[in-house]
file upload-v4.tsv (TSV, C-alpha atoms)
chain	number	residue	atom	x	y	z
L	1	MET	CA	16.91	9.82	18.63
L	2	SER	CA	20.15	8.27	17.34
L	3	LEU	CA	19.84	6.93	13.80
L	4	HIS	CA	22.83	4.67	14.39
L	5	SER	CA	21.16	2.96	17.35
L	6	GLU	CA	17.86	2.63	15.49
L	7	PHE	CA	19.56	1.15	12.44
L	8	ALA	CA	21.49	-1.29	14.64
L	9	ARG	CA	18.26	-2.36	16.35
L	10	PHE	CA	16.54	-2.86	12.99
L	11	ALA	CA	19.47	-4.82	11.55
L	12	ALA	CA	19.62	-7.14	14.55
L	13	THR	CA	15.84	-7.67	14.71
L	14	HIS	CA	15.49	-8.55	11.05
L	15	THR	CA	18.86	-10.23	10.42
L	16	LEU	CA	19.82	-7.70	7.78
L	17	PRO	CA	22.29	-9.07	5.22
L	18	ALA	CA	25.42	-7.12	4.33
L	19	ASP	CA	24.27	-6.33	0.77
L	20	VAL	CA	21.29	-3.95	0.68
L	21	ALA	CA	19.61	-1.54	-1.74
L	22	ILE	CA	18.39	1.85	-0.53
L	23	GLY	CA	15.97	4.21	-2.26
L	24	LEU	CA	17.67	7.60	-2.35
L	25	SER	CA	15.97	10.87	-3.25
L	26	GLY	CA	18.77	13.12	-2.03
L	27	GLY	CA	16.63	14.40	0.85
L	28	ALA	CA	17.75	14.32	4.46
L	29	ASP	CA	15.81	11.15	5.35
L	30	SER	CA	17.22	8.89	2.64
L	31	LEU	CA	20.70	10.42	2.76
L	32	ALA	CA	20.87	9.81	6.50
L	33	LEU	CA	19.74	6.21	5.93
L	34	VAL	CA	22.54	5.61	3.40
L	35	HIS	CA	25.07	7.09	5.82
L	36	ALA	CA	23.82	4.97	8.75
L	37	ALA	CA	23.86	1.75	6.69
L	38	LEU	CA	27.43	2.39	5.54
L	39	HIS	CA	28.44	3.15	9.12
L	40	HIS	CA	27.20	-0.34	10.05
L	41	SER	CA	29.39	-1.93	7.35
L	42	CYS	CA	26.58	-2.64	4.87
L	43	HIS	CA	27.38	-2.75	1.18
L	44	VAL	CA	24.90	-0.14	0.00
L	45	HIS	CA	23.58	0.16	-3.53
L	46	ALA	CA	21.74	3.49	-3.72
L	47	ILE	CA	18.94	3.75	-6.28
L	48	VAL	CA	17.87	7.21	-7.39
L	49	VAL	CA	14.59	7.43	-9.29
L	50	ASP	CA	14.19	10.37	-11.68
L	51	HIS	CA	10.44	10.91	-12.12
L	52	GLN	CA	11.01	13.65	-14.73
L	53	LEU	CA	8.38	15.80	-13.02
L	54	GLN	CA	10.61	18.82	-12.44
L	55	ALA	CA	12.74	20.77	-14.89
L	56	ASP	CA	16.00	20.01	-13.08
L	57	SER	CA	15.17	16.43	-12.08
L	58	ALA	CA	18.10	14.92	-13.99
L	59	SER	CA	20.67	17.13	-12.26
L	60	VAL	CA	19.06	16.49	-8.86
L	61	ALA	CA	19.28	12.73	-9.50
L	62	ARG	CA	22.94	12.96	-10.55
L	63	ALA	CA	23.80	15.00	-7.46
L	64	ALA	CA	22.12	12.44	-5.17
L	65	ALA	CA	23.95	9.54	-6.84
L	66	ASP	CA	27.26	11.43	-6.57
L	67	ARG	CA	26.73	12.02	-2.84
L	68	ALA	CA	26.09	8.32	-2.30
L	69	ARG	CA	29.24	7.36	-4.19
L	70	ALA	CA	31.26	9.91	-2.22
L	71	LEU	CA	30.11	8.21	0.98
L	72	GLY	CA	31.25	4.81	-0.28
L	73	ALA	CA	28.06	3.36	-1.79
L	74	THR	CA	27.45	2.23	-5.34
L	75	ALA	CA	24.66	4.09	-7.08
L	76	GLU	CA	22.50	4.11	-10.16
L	77	ILE	CA	19.78	6.33	-11.59
L	78	ARG	CA	16.51	4.89	-12.89
L	79	THR	CA	14.48	7.25	-15.09
L	80	VAL	CA	10.74	6.59	-15.18
L	81	THR	CA	7.69	7.95	-16.97
L	82	VAL	CA	4.81	8.68	-14.61
L	83	ALA	CA	1.41	7.74	-16.06
L	84	GLY	CA	-1.06	10.19	-14.54
L	85	ASP	CA	-1.19	13.07	-12.10
L	86	GLY	CA	-0.86	13.09	-8.34
L	87	GLU	CA	1.21	11.19	-5.82
L	88	GLY	CA	-0.20	7.73	-6.55
L	89	PRO	CA	1.11	7.19	-10.11
L	90	ALA	CA	4.51	8.63	-9.17
L	91	ARG	CA	4.74	6.34	-6.14
L	92	HIS	CA	3.78	3.31	-8.25
L	93	ALA	CA	6.41	4.07	-10.90
L	94	ARG	CA	9.04	4.71	-8.22
L	95	TYR	CA	8.52	1.42	-6.40
L	96	LEU	CA	8.55	-0.60	-9.60
L	97	ALA	CA	11.88	0.98	-10.53
L	98	LEU	CA	13.30	0.46	-7.04
L	99	GLY	CA	12.21	-3.17	-6.98
L	100	HIS	CA	13.75	-3.91	-10.37
L	101	ALA	CA	17.03	-2.27	-9.38
L	102	ALA	CA	17.13	-4.03	-5.99
L	103	ALA	CA	17.41	-7.29	-7.93
L	104	GLY	CA	16.93	-9.73	-5.08
L	105	ARG	CA	18.42	-7.58	-2.32
L	106	PRO	CA	16.41	-6.15	0.58
L	107	LEU	CA	15.18	-2.67	-0.31
L	108	LEU	CA	15.36	-0.11	2.50
L	109	VAL	CA	13.37	3.12	2.35
L	110	ALA	CA	13.55	6.11	4.66
L	111	HIS	CA	10.02	6.54	5.98
L	112	THR	CA	10.07	8.20	9.38
L	113	ALA	CA	7.80	8.79	12.37
L	114	SER	CA	6.93	12.15	10.79
L	115	ASP	CA	5.64	10.35	7.70
L	116	ALA	CA	3.59	8.04	9.92
L	117	ALA	CA	1.97	11.00	11.70
L	118	GLU	CA	1.11	12.64	8.38
L	119	GLY	CA	-0.33	9.35	7.13
L	120	LEU	CA	-2.56	9.09	10.19
L	121	LEU	CA	-4.00	12.54	9.52
L	122	LEU	CA	-4.48	11.72	5.83
L	123	GLY	CA	-6.41	8.59	6.78
L	124	LEU	CA	-8.63	10.53	9.16
L	125	THR	CA	-9.51	13.09	6.48
L	126	ARG	CA	-10.60	10.27	4.17
L	127	GLY	CA	-12.76	8.51	6.74
L	128	SER	CA	-10.53	5.46	6.52
L	129	GLY	CA	-10.60	2.33	8.61
L	130	LEU	CA	-7.94	0.68	10.73
L	131	ASP	CA	-5.72	-0.43	7.86
L	132	SER	CA	-5.21	3.11	6.59
L	133	LEU	CA	-4.68	4.55	10.06
L	134	ALA	CA	-2.24	1.85	11.12
L	135	GLY	CA	1.44	2.58	10.71
L	136	MET	CA	3.60	1.20	7.95
L	137	PRO	CA	5.13	-2.19	8.79
L	138	SER	CA	8.86	-2.11	9.47
L	139	VAL	CA	9.31	-5.09	7.12
L	140	THR	CA	6.97	-6.43	4.46
L	141	THR	CA	6.95	-8.76	1.47
L	142	ASP	CA	3.47	-7.58	0.43
L	143	HIS	CA	4.56	-4.63	-1.68
L	144	PRO	CA	4.88	-3.67	-5.38
L	145	ALA	CA	8.66	-3.29	-4.98
L	146	VAL	CA	8.89	-6.91	-3.84
L	147	ASP	CA	6.74	-8.01	-6.78
L	148	ALA	CA	9.17	-6.13	-9.01
L	149	GLY	CA	12.28	-7.87	-7.66
L	150	ALA	CA	13.26	-6.79	-4.14
L	151	ALA	CA	13.70	-9.55	-1.54
L	152	TRP	CA	11.67	-7.56	0.98
L	153	LEU	CA	11.03	-3.94	1.86
L	154	GLY	CA	12.30	-2.50	5.14
L	155	ARG	CA	11.82	0.80	6.97
L	156	PRO	CA	14.56	1.19	9.59
L	157	LEU	CA	13.73	4.80	10.55
L	158	LEU	CA	10.08	4.54	11.63
L	159	ARG	CA	10.95	5.60	15.19
L	160	CYS	CA	13.04	8.58	14.03
L	161	SER	CA	11.58	11.98	13.20
L	162	ARG	CA	12.40	14.24	10.26
L	163	THR	CA	14.23	16.46	12.73
L	164	ASP	CA	16.37	13.46	13.72
L	165	THR	CA	17.43	12.79	10.12
L	166	GLN	CA	18.25	16.43	9.48
L	167	ASP	CA	20.30	16.64	12.68
L	168	HIS	CA	22.12	13.46	11.65
L	169	CYS	CA	23.01	14.97	8.28
L	170	ARG	CA	24.24	18.19	9.89
L	171	ARG	CA	26.51	16.31	12.30
L	172	ALA	CA	27.89	14.23	9.42
L	173	GLY	CA	28.41	17.29	7.23
L	174	LEU	CA	25.98	16.05	4.59
L	175	GLU	CA	24.17	18.50	2.33
L	176	TRP	CA	20.69	17.37	1.38
L	177	TRP	CA	18.12	18.41	-1.22
L	178	ASP	CA	14.71	19.81	-0.25
L	179	ASP	CA	12.05	18.61	-2.68
L	180	PRO	CA	9.83	21.60	-3.59
L	181	HIS	CA	6.89	19.22	-3.98
L	182	ASN	CA	6.98	18.72	-0.20
L	183	ALA	CA	5.82	22.32	0.22
L	184	ASP	CA	3.46	22.41	-2.76
L	185	PRO	CA	-0.04	23.33	-1.52
L	186	ARG	CA	-1.62	21.34	-4.36
L	187	PHE	CA	-0.90	18.17	-2.41
L	188	THR	CA	-2.88	17.32	0.72
L	189	ARG	CA	0.12	15.75	2.44
L	190	SER	CA	2.12	18.95	1.85
L	191	ARG	CA	-0.62	21.06	3.42
L	192	ILE	CA	-0.70	18.73	6.41
L	193	ARG	CA	3.08	18.98	6.76
L	194	THR	CA	3.48	22.72	6.34
L	195	ASP	CA	0.18	24.10	7.69
L	196	LEU	CA	-1.71	21.67	9.90
L	197	ILE	CA	1.04	20.02	11.94
L	198	PRO	CA	2.69	23.32	12.98
L	199	GLN	CA	-0.71	24.51	14.23
L	200	MET	CA	-1.20	21.23	16.11
L	201	ARG	CA	2.19	21.64	17.77
L	202	ASN	CA	1.25	25.15	18.87
L	203	ALA	CA	-2.09	24.01	20.26
L	204	LEU	CA	-1.23	20.56	21.61
L	205	GLY	CA	2.51	20.58	22.29
L	206	GLU	CA	5.75	19.69	20.55
L	207	HIS	CA	5.34	15.95	21.14
L	208	ILE	CA	2.09	15.63	19.16
L	209	THR	CA	3.77	14.08	16.09
L	210	ASP	CA	5.68	11.58	18.23
L	211	ASN	CA	2.43	10.64	19.97
L	212	MET	CA	0.61	10.21	16.65
L	213	ALA	CA	3.44	8.04	15.32
L	214	ARG	CA	3.23	5.86	18.44
L	215	THR	CA	-0.52	5.52	17.87
L	216	THR	CA	0.09	4.25	14.33
L	217	ARG	CA	2.50	1.60	15.65
L	218	LEU	CA	-0.09	0.40	18.17
L	219	LEU	CA	-2.75	0.30	15.46
L	220	ARG	CA	-0.38	-1.67	13.24
L	221	ASP	CA	-0.14	-4.35	15.93
L	222	ASP	CA	-3.95	-4.51	16.11
L	223	ALA	CA	-4.31	-4.67	12.32
L	224	ASP	CA	-1.73	-7.46	12.07
L	225	ALA	CA	-3.58	-9.46	14.72
L	226	LEU	CA	-6.87	-9.13	12.83
L	227	ASP	CA	-5.12	-10.12	9.60
L	228	THR	CA	-3.84	-13.31	11.22
L	229	VAL	CA	-7.33	-14.22	12.43
L	230	ALA	CA	-8.82	-13.53	8.98
L	231	THR	CA	-6.19	-15.56	7.15
L	232	THR	CA	-6.83	-18.54	9.42
L	233	ALA	CA	-10.61	-18.18	9.07
L	234	LEU	CA	-10.43	-18.06	5.26
L	235	THR	CA	-9.20	-21.64	5.05
L	236	GLY	CA	-12.42	-22.88	6.69
L	237	LEU	CA	-14.74	-20.87	4.44
L	238	THR	CA	-13.66	-21.82	0.94
L	239	GLU	CA	-15.70	-24.17	-1.22
L	240	VAL	CA	-15.86	-25.21	-4.85
L	241	ALA	CA	-18.16	-22.76	-6.64
L	242	SER	CA	-21.48	-24.30	-7.67
L	243	ASN	CA	-22.11	-24.19	-11.43
L	244	ASN	CA	-19.62	-21.39	-11.90
L	245	LYS	CA	-18.42	-21.78	-15.48
L	246	GLU	CA	-16.15	-18.75	-15.10
L	247	ALA	CA	-14.11	-20.31	-12.28
L	248	PRO	CA	-11.35	-21.88	-14.43
L	249	ALA	CA	-10.81	-18.66	-16.40
L	250	LEU	CA	-10.70	-16.67	-13.17
L	251	GLY	CA	-7.80	-18.70	-11.87
L	252	GLU	CA	-9.94	-21.45	-10.29
L	253	LYS	CA	-10.94	-19.18	-7.44
L	254	THR	CA	-12.94	-20.88	-4.74
L	255	ALA	CA	-16.25	-19.61	-3.40
L	256	LEU	CA	-17.02	-18.54	0.16
L	257	ASN	CA	-19.78	-20.05	2.30
L	258	CYS	CA	-22.13	-17.23	3.31
L	259	ALA	CA	-23.59	-18.97	6.36
L	260	LYS	CA	-20.13	-19.55	7.81
L	261	LEU	CA	-19.08	-16.00	6.95
L	262	SER	CA	-21.97	-14.64	9.00
L	263	GLN	CA	-20.50	-16.21	12.12
L	264	HIS	CA	-17.50	-13.85	12.00
L	265	PRO	CA	-17.47	-10.19	13.11
L	266	ALA	CA	-17.60	-7.52	10.41
L	267	ALA	CA	-13.95	-6.52	10.90
L	268	ILE	CA	-12.86	-10.10	10.19
L	269	ARG	CA	-15.26	-10.53	7.25
L	270	ARG	CA	-13.85	-7.47	5.48
L	271	ARG	CA	-10.33	-8.85	5.78
L	272	ILE	CA	-11.50	-12.23	4.55
L	273	TYR	CA	-12.90	-10.64	1.39
L	274	GLN	CA	-9.62	-8.81	0.79
L	275	ARG	CA	-7.58	-11.99	1.09
L	276	TRP	CA	-9.97	-14.00	-1.02
L	277	LEU	CA	-9.74	-11.47	-3.86
L	278	ALA	CA	-6.08	-10.49	-3.48
L	279	ASP	CA	-4.81	-12.51	-6.45
L	280	ILE	CA	-7.31	-11.23	-8.98
L	281	ALA	CA	-8.85	-7.90	-7.96
L	282	GLY	CA	-7.42	-4.41	-7.94
L	283	GLU	CA	-7.58	-2.04	-4.99
L	284	LEU	CA	-10.79	-2.50	-3.02
L	285	THR	CA	-12.42	0.52	-1.38
L	286	SER	CA	-14.71	0.54	1.64
L	287	THR	CA	-17.62	0.86	-0.80
L	288	HIS	CA	-16.64	-2.42	-2.47
L	289	LEU	CA	-16.21	-4.21	0.85
L	290	LEU	CA	-19.51	-2.95	2.28
L	291	GLY	CA	-21.31	-3.97	-0.90
L	292	ILE	CA	-19.85	-7.47	-0.74
L	293	ASP	CA	-20.72	-7.73	2.93
L	294	ALA	CA	-24.33	-6.78	2.17
L	295	LEU	CA	-24.55	-9.91	0.01
L	296	VAL	CA	-23.81	-11.89	3.17
L	297	GLU	CA	-25.51	-9.94	5.95
L	298	ARG	CA	-28.36	-8.13	4.15
L	299	TRP	CA	-29.20	-10.53	1.35
L	300	LYS	CA	-32.43	-9.59	-0.47
L	301	GLY	CA	-31.71	-11.04	-3.88
L	302	GLN	CA	-29.70	-8.00	-5.01
L	303	GLY	CA	-27.28	-8.05	-7.91
L	304	GLY	CA	-23.57	-8.56	-7.63
L	305	VAL	CA	-20.87	-6.04	-6.76
L	306	ALA	CA	-18.51	-4.94	-9.54
L	307	ILE	CA	-14.87	-4.75	-8.42
L	308	PRO	CA	-11.77	-3.57	-10.30
L	309	TRP	CA	-9.61	-5.97	-12.24
L	310	GLY	CA	-6.14	-6.38	-10.80
L	311	PRO	CA	-2.97	-6.26	-12.92
L	312	GLN	CA	-2.06	-9.76	-11.71
L	313	CYS	CA	-4.68	-11.70	-13.72
L	314	PRO	CA	-3.01	-12.57	-17.05
L	315	THR	CA	-5.49	-15.34	-17.86
L	316	MET	CA	-8.18	-12.68	-18.28
L	317	ASN	CA	-6.27	-10.14	-20.35
L	318	GLU	CA	-8.74	-10.42	-23.24
L	319	LYS	CA	-11.93	-10.31	-21.18
L	320	ARG	CA	-10.83	-7.61	-18.76
L	321	HIS	CA	-11.54	-4.95	-21.41
L	322	THR	CA	-14.99	-6.26	-22.30
L	323	HIS	CA	-16.18	-7.78	-19.02
L	324	ARG	CA	-16.72	-6.59	-15.47
L	325	LEU	CA	-15.36	-8.59	-12.55
L	326	VAL	CA	-18.29	-9.21	-10.20
L	327	VAL	CA	-18.74	-10.76	-6.76
L	328	ARG	CA	-22.21	-12.25	-6.58
L	329	ARG	CA	-24.20	-14.48	-4.28
L	330	LYS	CA	-25.48	-17.76	-5.66
L	331	ASP	CA	-26.51	-21.00	-3.96
L	332	GLY	CA	-25.49	-19.64	-0.56
L	333	GLN	CA	-22.01	-18.78	-1.75
L	334	LEU	CA	-20.04	-15.70	-2.69
L	335	GLN	CA	-18.76	-16.39	-6.19
L	336	LEU	CA	-16.69	-14.56	-8.78
L	337	ALA	CA	-17.91	-14.02	-12.32
L	338	ALA	CA	-16.79	-12.13	-15.40
L	339	VAL	CA	-19.93	-10.38	-16.67
L	340	ALA	CA	-20.01	-8.90	-20.17
L	341	ALA	CA	-20.17	-5.10	-20.15
L	342	VAL	CA	-23.30	-3.74	-21.79
L	343	ALA	CA	-24.56	-0.46	-23.16
L	344	LYS	CA	-26.37	1.85	-20.76
L	345	ASP	CA	-29.83	1.09	-22.17
L	346	ASN	CA	-29.33	-2.64	-21.56
L	347	ARG	CA	-28.09	-2.38	-17.97
L	348	ALA	CA	-31.55	-2.53	-16.39
L	349	LYS	CA	-32.33	-5.71	-18.30
L	350	LEU	CA	-29.01	-7.26	-17.31
L	351	SER	CA	-29.49	-6.27	-13.67
L	352	LYS	CA	-32.86	-8.01	-13.60
L	353	GLN	CA	-31.36	-11.09	-15.24
L	354	LEU	CA	-28.54	-11.22	-12.68
L	355	ARG	CA	-30.95	-10.94	-9.78
L	356	GLU	CA	-32.96	-13.85	-11.13
L	357	GLU	CA	-29.83	-15.96	-11.62
L	358	GLU	CA	-28.37	-15.14	-8.21
L	359	ARG	CA	-31.49	-15.62	-6.09
L	360	ASP	CA	-31.10	-18.46	-3.59
L	361	HIS	CA	-33.33	-21.46	-4.02
call {"tool": "encode", "arguments": {"input": "upload-v4.tsv", "output": "structure tokens"}}
result
Amino acid sequence: MSLHSEFARFAATHTLPADVAIGLSGGADSLALVHAALHHSCHVHAIVVDHQLQADSASVARAAADRARALGATAEIRTVTVAGDGEGPARHARYLALGHAAAGRPLLVAHTASDAAEGLLLGLTRGSGLDSLAGMPSVTTDHPAVDAGAAWLGRPLLRCSRTDTQDHCRRAGLEWWDDPHNADPRFTRSRIRTDLIPQMRNALGEHITDNMARTTRLLRDDADALDTVATTALTGLTEVASNNKEAPALGEKTALNCAKLSQHPAAIRRRIYQRWLADIAGELTSTHLLGIDALVERWKGQGGVAIPWGPQCPTMNEKRHTHRLVVRRKDGQLQLAAVAAVAKDNRAKLSKQLREEERDH
């Protein structure tokens, strides 16, 4: 597939401004994206993030920035410190740095159809639901990079494969860098890329990754439709929390009417919970969502569900270290509360107290 035609389609669909930022690793995908954007007369500011996770990371970052400048882009290097092991902390640090450097410009990243296929397989191994299996949106404002300063985040190459980007670089005479982490068997995504997908191609045909990528795009349409329904439904479910003294400190969050919630299908209810808690809670797992839903659908006077604090709740910075954030049922409503953390030997007593307080009258 032609990267130039795909970039032109993306630019026309999303009214891409002339001044854009692009996340550049030096790999074939991001280097091809920089080249395609420049070909379409964009003013490209390439942002290279040095994660300091490899011995030669500084020289790799300099080489990537130099290649971008040689093509006609401006470039800068952002050095970050990754807090923790694995892909998650590195990804978080990278997007914060990219968002800051984008400084109000759209931020383009070079995710491809190959990445989408790998993501689908990752989601299946984790027993994930629709949201994890659905493809990445081509444009989003709901992203850490946008929170950090980018106008929006765009993915122009979602219909192009990794083979397409490498072929593009070869035709343009561009030398790219192969990240050794992409072949590191310690990472599940790397094992999927280097071991599983080649076996799937042998067994199921060369087009299997293209077919999986198309599936993720179809699932993304379905997920977006459900999100729209849930967002609309949420407005008719919110109420002022009854006797909830924590509400002002928790950002004046409203409560949800349990009887009205029960009228919606489970897939919609789960999305409603996510939107209701988006401004205060951290990442919610299926375990959290099922526990909250049990308060609505299988209510037997049980205690509340503890959920993680989100980083976006500055009014609770003092309590977040001494209190648990809990969704509980009270007076026919789902309510939020900050419950003091207790020692292990007092948890049974507290659990009994919560059940007594939360029981419907």
call {"tool": "atom_distance", "arguments": {"input": "upload-v4.tsv", "atom1": "atom CA of L:Gly149", "atom2": "atom CA of L:Leu53"}}
result
24.6 Å
call {"tool": "atom_distance", "arguments": {"input": "upload-v4.tsv", "atom1": "atom CA of L:Asp56", "atom2": "atom CA of L:Ile22"}}
result
22.2 Å
call {"tool": "closest_residue", "arguments": {"input": "upload-v4.tsv", "among": "L:Ala68, L:Leu174, L:Leu121, L:Val49", "to": "L:Ala93", "atoms": "only C-alpha atoms"}}
result
L:Val49
call {"tool": "residues_around", "arguments": {"input": "upload-v4.tsv", "residues": "L:His40", "least_positions_apart": "4", "cutoff": "9 Å", "atoms": "only C-alpha atoms", "output": "ChimeraX atom specification"}}
result
/L:4,7-8,35-36
call {"tool": "residues_around", "arguments": {"input": "upload-v4.tsv", "residues": "stretch 175-187 of chain L", "least_positions_apart": "3", "cutoff": "6 Å", "atoms": "only C-alpha atoms", "output": "list in words"}}
result
Gly26, Gly27, Ala28, Ser190 and Arg191 of chain L
call {"tool": "residues_near_point", "arguments": {"input": "upload-v4.tsv", "point": "(3.0, 9.5, -8.7)", "cutoff": "12 Å", "atoms": "all atoms listed in the file", "output": "PyMOL selection string"}}
result
chain L and resi 49-53+80-96+181+187
call {"tool": "atom_distance", "arguments": {"input": "upload-v4.tsv", "atom1": "atom CA of L:Gly154", "atom2": "atom CA of L:Ile208"}}
result
25.1 Å
call {"tool": "closest_residue", "arguments": {"input": "upload-v4.tsv", "among": "L:Met212, L:Arg329, L:Leu31, L:Glu206", "to": "L:Arg69", "atoms": "all atoms listed in the file"}}
result
L:Leu31
call {"tool": "closest_residue", "arguments": {"input": "upload-v4.tsv", "among": "L:Pro17, L:Gly72, L:Gly123, L:Gly310", "to": "L:His39", "atoms": "only C-alpha atoms"}}
result
L:Gly72
call {"tool": "residues_around", "arguments": {"input": "upload-v4.tsv", "residues": "L:Val146", "least_positions_apart": "2", "cutoff": "12 Å", "atoms": "only C-alpha atoms", "output": "count of residues only"}}
result
27
call {"tool": "closest_residue", "arguments": {"input": "upload-v4.tsv", "among": "L:Thr79, L:Ile307, L:Leu261, L:His43", "to": "L:Asp19", "atoms": "only C-alpha atoms"}}
result
L:His43
call {"tool": "closest_residue", "arguments": {"input": "upload-v4.tsv", "among": "L:Ala64, L:Ala340, L:Ile272, L:Ala281", "to": "L:Thr228", "atoms": "all atoms listed in the file"}}
result
L:Ile272
call {"tool": "closest_residue", "arguments": {"input": "upload-v4.tsv", "among": "L:Leu234, L:Leu277, L:Ala172, L:Leu133", "to": "L:Asp222", "atoms": "all atoms listed in the file"}}
result
L:Leu133
call {"tool": "axis_aligned_box", "arguments": {"input": "upload-v4.tsv", "around": "stretch 126-144 of chain L", "padding_each_side": "4 Å", "output": "AutoDock Vina command-line options"}}
result
--center_x -1.7 --center_y 0.8 --center_z 2.9 --size_x 30.1 --size_y 27.0 --size_z 24.5
call {"tool": "residues_around", "arguments": {"input": "upload-v4.tsv", "residues": "L:Leu38", "least_positions_apart": "4", "cutoff": "9 Å", "atoms": "all atoms listed in the file", "output": "list in words"}}
result
Leu33, Val34, Cys42, His43, Val44, Leu71, Gly72 and Ala73 of chain L
call {"tool": "write_last_selection", "arguments": {"input": "upload-v4.tsv", "atoms": "C-alpha atoms", "output": "PDB file, keeping the file's coordinate frame"}}
result
ATOM      1  CA  LEU L  33      19.740   6.210   5.930  1.00  0.00           C
ATOM      2  CA  VAL L  34      22.540   5.610   3.400  1.00  0.00           C
ATOM      3  CA  CYS L  42      26.580  -2.640   4.870  1.00  0.00           C
ATOM      4  CA  HIS L  43      27.380  -2.750   1.180  1.00  0.00           C
ATOM      5  CA  VAL L  44      24.900  -0.140   0.000  1.00  0.00           C
ATOM      6  CA  LEU L  71      30.110   8.210   0.980  1.00  0.00           C
ATOM      7  CA  GLY L  72      31.250   4.810  -0.280  1.00  0.00           C
ATOM      8  CA  ALA L  73      28.060   3.360  -1.790  1.00  0.00           C
TER       9      ALA L  73
END
call {"tool": "residues_near_point", "arguments": {"input": "upload-v4.tsv", "point": "(4.2, 0.5, 17.0)", "cutoff": "9 Å", "atoms": "all atoms listed in the file", "output": "list in words"}}
result
Ala134, Gly135, Pro137, Leu158, Arg159, Ala213, Arg214, Thr215, Thr216, Arg217, Leu218, Leu219, Arg220 and Asp221 of chain L
call {"tool": "decode", "arguments": {"input": "upload-v4.tsv", "residues": "stretch 19-23 of chain L", "atoms": "all heavy atoms", "output": "PDB file, in the first residue's frame"}}
result
ATOM      1  N   ASP L  19       1.490  22.480  10.291  1.00  0.00           N
ATOM      2  CA  ASP L  19       2.505  22.346  11.330  1.00  0.00           C
ATOM      3  C   ASP L  19       2.166  21.158  12.222  1.00  0.00           C
ATOM      4  O   ASP L  19       1.160  21.180  12.947  1.00  0.00           O
ATOM      5  CB  ASP L  19       2.548  23.632  12.162  1.00  0.00           C
ATOM      6  CG  ASP L  19       3.771  23.708  13.061  1.00  0.00           C
ATOM      7  OD1 ASP L  19       4.679  22.871  12.891  1.00  0.00           O
ATOM      8  OD2 ASP L  19       3.811  24.586  13.941  1.00  0.00           O
ATOM      9  N   VAL L  20       2.972  20.098  12.163  1.00  0.00           N
ATOM     10  CA  VAL L  20       2.680  18.883  12.932  1.00  0.00           C
ATOM     11  C   VAL L  20       3.929  18.418  13.674  1.00  0.00           C
ATOM     12  O   VAL L  20       5.062  18.715  13.279  1.00  0.00           O
ATOM     13  CB  VAL L  20       2.172  17.736  12.029  1.00  0.00           C
ATOM     14  CG1 VAL L  20       0.886  18.127  11.329  1.00  0.00           C
ATOM     15  CG2 VAL L  20       3.239  17.312  11.026  1.00  0.00           C
ATOM     16  N   ALA L  21       3.706  17.677  14.747  1.00  0.00           N
ATOM     17  CA  ALA L  21       4.784  16.995  15.471  1.00  0.00           C
ATOM     18  C   ALA L  21       4.666  15.502  15.197  1.00  0.00           C
ATOM     19  O   ALA L  21       3.554  14.974  15.070  1.00  0.00           O
ATOM     20  CB  ALA L  21       4.683  17.269  16.965  1.00  0.00           C
ATOM     21  N   ILE L  22       5.808  14.837  15.080  1.00  0.00           N
ATOM     22  CA  ILE L  22       5.807  13.392  14.826  1.00  0.00           C
ATOM     23  C   ILE L  22       6.759  12.722  15.801  1.00  0.00           C
ATOM     24  O   ILE L  22       7.899  13.152  15.972  1.00  0.00           O
ATOM     25  CB  ILE L  22       6.243  13.074  13.383  1.00  0.00           C
ATOM     26  CG1 ILE L  22       5.201  13.608  12.394  1.00  0.00           C
ATOM     27  CG2 ILE L  22       6.431  11.579  13.185  1.00  0.00           C
ATOM     28  CD1 ILE L  22       5.531  13.324  10.928  1.00  0.00           C
ATOM     29  N   GLY L  23       6.276  11.663  16.454  1.00  0.00           N
ATOM     30  CA  GLY L  23       7.133  10.858  17.314  1.00  0.00           C
ATOM     31  C   GLY L  23       8.039   9.994  16.461  1.00  0.00           C
ATOM     32  O   GLY L  23       7.564   9.210  15.638  1.00  0.00           O
TER      33      GLY L  23
END
